[in-house]
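K.L.:
Structure supplied as final.cif; contents: mmCIF, C-alpha atoms.
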```cif
data_data
#
loop_
_atom_site.label_atom_id
_atom_site.label_comp_id
_atom_site.auth_asym_id
_atom_site.auth_seq_id
_atom_site.Cartn_x
_atom_site.Cartn_y
_atom_site.Cartn_z
CA MET A 10 5.56 5.74 -3.89
CA LEU A 11 6.80 5.19 -7.42
CA GLU A 12 9.76 3.19 -6.15
CA GLU A 13 7.49 0.80 -4.20
CA PHE A 14 5.29 0.33 -7.25
CA LEU A 15 8.31 -0.46 -9.42
CA VAL A 16 9.57 -2.99 -6.87
CA PHE A 17 6.12 -4.60 -6.85
CA LEU A 18 5.88 -4.65 -10.64
CA LEU A 19 9.39 -5.98 -11.23
CA SER A 20 9.06 -8.65 -8.57
CA PHE A 21 5.68 -9.69 -10.01
CA VAL A 22 7.10 -10.07 -13.52
CA PHE A 23 10.23 -11.85 -12.26
CA VAL A 24 8.32 -14.34 -10.10
CA PHE A 25 5.68 -14.92 -12.79
CA ILE A 26 8.36 -15.73 -15.38
CA LEU A 27 10.17 -18.07 -12.99
CA TYR A 28 6.92 -19.76 -12.05
CA ARG A 29 5.94 -20.24 -15.70
CA LEU A 30 9.39 -21.54 -16.67
CA PHE A 31 10.03 -23.98 -13.84
CA ILE A 32 6.88 -24.89 -11.90
CA VAL A 33 4.15 -25.02 -14.54
CA PRO A 34 5.89 -27.27 -17.12
CA SER A 35 6.85 -29.72 -14.40
CA ALA A 36 3.30 -29.75 -13.03
CA LYS A 37 1.80 -30.29 -16.50
CA LYS A 38 4.11 -33.20 -17.20
CA LYS A 39 3.38 -34.86 -13.89
CA TYR A 40 -0.37 -34.34 -14.38
CA LYS A 41 -0.26 -35.94 -17.83
CA ASP A 42 1.61 -38.90 -16.34
CA LYS A 43 -1.27 -39.27 -13.86
CA ASN A 44 1.19 -39.00 -10.99
CA LYS A 45 -1.34 -37.42 -8.62
CA GLY A 46 0.99 -37.30 -5.64
CA ARG A 47 3.22 -34.75 -7.40
CA GLU A 48 0.75 -31.94 -7.99
CA PRO A 49 1.63 -28.42 -6.83
CA ILE A 50 0.60 -27.75 -3.25
CA GLU A 51 -1.76 -25.00 -4.43
CA VAL A 52 -3.77 -27.50 -6.50
CA ILE A 53 -3.91 -29.94 -3.60
CA TYR A 54 -5.07 -27.13 -1.29
CA LEU A 55 -7.84 -26.02 -3.65
CA LYS A 56 -9.00 -29.60 -4.22
CA ASN A 57 -9.02 -30.62 -0.57
CA HIS A 58 -10.04 -27.45 1.23
CA TYR A 59 -12.47 -25.92 -1.27
CA HIS A 60 -13.52 -29.10 -3.15
CA LEU A 61 -12.46 -27.89 -6.58
CA ASN A 62 -13.98 -30.06 -9.31
CA MET A 63 -11.02 -31.10 -11.43
CA LYS A 64 -13.27 -32.74 -14.04
CA LYS A 65 -14.78 -29.40 -15.03
CA ILE A 66 -11.68 -27.23 -15.09
CA SER A 67 -8.79 -27.16 -17.52
CA TYR A 68 -5.59 -28.01 -15.66
CA LYS A 69 -3.67 -25.55 -17.84
CA LYS A 70 -6.02 -22.69 -16.88
CA LEU A 71 -5.83 -23.68 -13.23
CA LEU A 72 -2.03 -23.50 -13.34
CA MET A 73 -2.20 -20.10 -15.03
CA ILE A 74 -4.49 -18.74 -12.31
CA ILE A 75 -2.27 -20.20 -9.61
CA SER A 76 0.84 -18.68 -11.17
CA ILE A 77 -0.78 -15.24 -11.33
CA VAL A 78 -2.05 -15.43 -7.75
CA SER A 79 1.24 -16.75 -6.38
CA SER A 80 3.22 -14.07 -8.22
CA PHE A 81 0.91 -11.38 -6.88
CA ASP A 82 1.20 -12.75 -3.34
CA ILE A 83 4.99 -12.87 -3.39
CA SER A 84 5.23 -9.40 -4.93
CA LEU A 85 2.86 -7.94 -2.36
CA ILE A 86 4.78 -9.54 0.50
CA VAL A 87 8.09 -8.22 -0.85
CA SER A 88 6.59 -4.74 -1.18
CA ILE A 89 5.28 -4.83 2.38
CA ILE A 90 8.62 -6.01 3.76
CA MET A 91 10.47 -3.26 1.89
CA LEU A 92 8.53 -0.64 3.87
CA PHE A 93 10.37 -1.53 7.10
CA ASN A 94 14.02 -0.96 8.02
CA ASN A 95 14.31 -3.18 11.09
CA PHE A 96 15.41 -6.75 10.20
CA LEU A 97 13.53 -8.43 13.03
CA LEU A 98 10.38 -6.48 12.21
CA GLU A 99 10.74 -7.44 8.54
CA ILE A 100 10.90 -11.12 9.48
CA VAL A 101 7.86 -10.95 11.77
CA ILE A 102 5.78 -8.84 9.37
CA GLY A 103 6.87 -11.01 6.43
CA PHE A 104 5.85 -14.22 8.18
CA LEU A 105 2.49 -12.93 9.36
CA SER A 106 1.65 -11.19 6.10
CA THR A 107 2.57 -14.33 4.14
CA LEU A 108 0.05 -16.41 6.05
CA VAL A 109 -2.72 -13.83 5.80
CA ILE A 110 -2.16 -12.86 2.16
CA ILE A 111 -1.99 -16.44 0.89
CA TYR A 112 -5.11 -17.45 2.80
CA ILE A 113 -7.07 -14.43 1.55
CA SER A 114 -5.90 -14.72 -2.06
CA TYR A 115 -6.83 -18.39 -2.33
CA TYR A 116 -10.17 -17.62 -0.76
CA PHE A 117 -10.73 -15.18 -3.63
CA VAL A 118 -9.70 -17.93 -6.06
CA TYR A 119 -12.31 -20.15 -4.39
CA LEU A 120 -14.97 -17.45 -4.81
CA PHE A 121 -14.01 -17.12 -8.48
CA PHE A 122 -14.34 -20.86 -9.07
CA LYS A 123 -17.57 -20.98 -7.08
CA LYS A 124 -19.05 -18.27 -9.29
CA LYS A 125 -18.01 -20.29 -12.37
CA GLY A 126 -19.67 -23.42 -10.91
CA LEU A 127 -16.44 -25.39 -10.56
CA ILE A 128 -16.87 -26.36 -6.91
CA CYS A 129 -18.25 -29.78 -5.94
CA ASN A 130 -21.21 -30.18 -3.56
CA GLU A 131 -22.48 -26.61 -3.73
#
```
The structure in this file should be written as structure tokens.
P.N.:
Amino acid sequence: MLEEFLVFLLSFVFVFILYRLFIVPSAKKKYKDKNKGREPIEVIYLKNHYHLNMKKISYKKLLMIISIVSSFDISLIVSIIMLFNNFLLEIVIGFLSTLVIIYISYYFVYLFFKKKGLICNE
């Protein structure tokens, strides 16, 4: 149990650092340049699917929330995959859990933004 927790924690920290070093600075720069077609896919998903009001939210805070959620998702998926020893089963479980975990986690992000009043037309 302790080993799985350590794998989760280390993968979370590793992915979070990589995300903050490579993805976030690039996204901030492209957002400042008003190059809307180059936003991270997570931002596009939240804007299009959940109607996130970008005029009310700080882009920097949005990227921080996305980096935390994405790091958590990847760490959780890695931890789930590590529970199995069969390669084919790891691939199938990894694929299915990726879809489900990402959908659920961004739904929770939507609920958070809805509670803060940052969703359009609601």
K.L.:
For each of A:Tyr54, A:Tyr59, A:Phe81, A:Phe96, take the minimum atom-to-atom distance to Val22 in chain A, counting all atoms listed in the file, then give the residue where this is smallest.
P.N.:
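So, comparing all the options, the nearest one is A:Phe81.
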K.L.:
Pull out every residue that the PyMOL selection byres ((chain A and resi 74) around 12) matches in the shown coordinates and put them as number ranges by chain.
P.N.:
A: 25, 28-29, 33, 51-52, 55, 66-73, 75-81, 114-115, 117-119, 121-122
K.L.:
My list of candidates is A:Ile26, A:Ser88, A:Arg47, A:Lys65. Which is closest to Glu13 in chain A when distances are computed with only C-alpha atoms?
P.N.:
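The closest residue to Glu13 in chain A is A:Ser88.
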K.L.:
Could you work out how far CA of Ile128 in chain A lies from CA of Tyr116 in chain A, giving the answer in Å with one decimal?
P.N.:
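Going from CA of Tyr116 in chain A over to CA of Ile128 in chain A, I get 12.6 Å.
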K.L.:
Just the number, please: distance in Å from CA of Ser20 in chain A to CA of Ser84 in chain A, one decimal.
P.N.:
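These atoms are spaced 5.3 Å apart.
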K.L.:
Between CA of Ile102 in chain A and CA of Ile50 in chain A, what is the distance in Å, rounded to a tenth?
P.N.:
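Separation of CA of Ile102 in chain A and CA of Ile50 in chain A: 23.3 Å.
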K.L.:
Between A:Leu27, A:Ile53, A:Leu11, A:Leu61, which one has atoms that come closest to Leu127 in chain A, using all atoms listed in the file?
P.N.:
A:Leu61
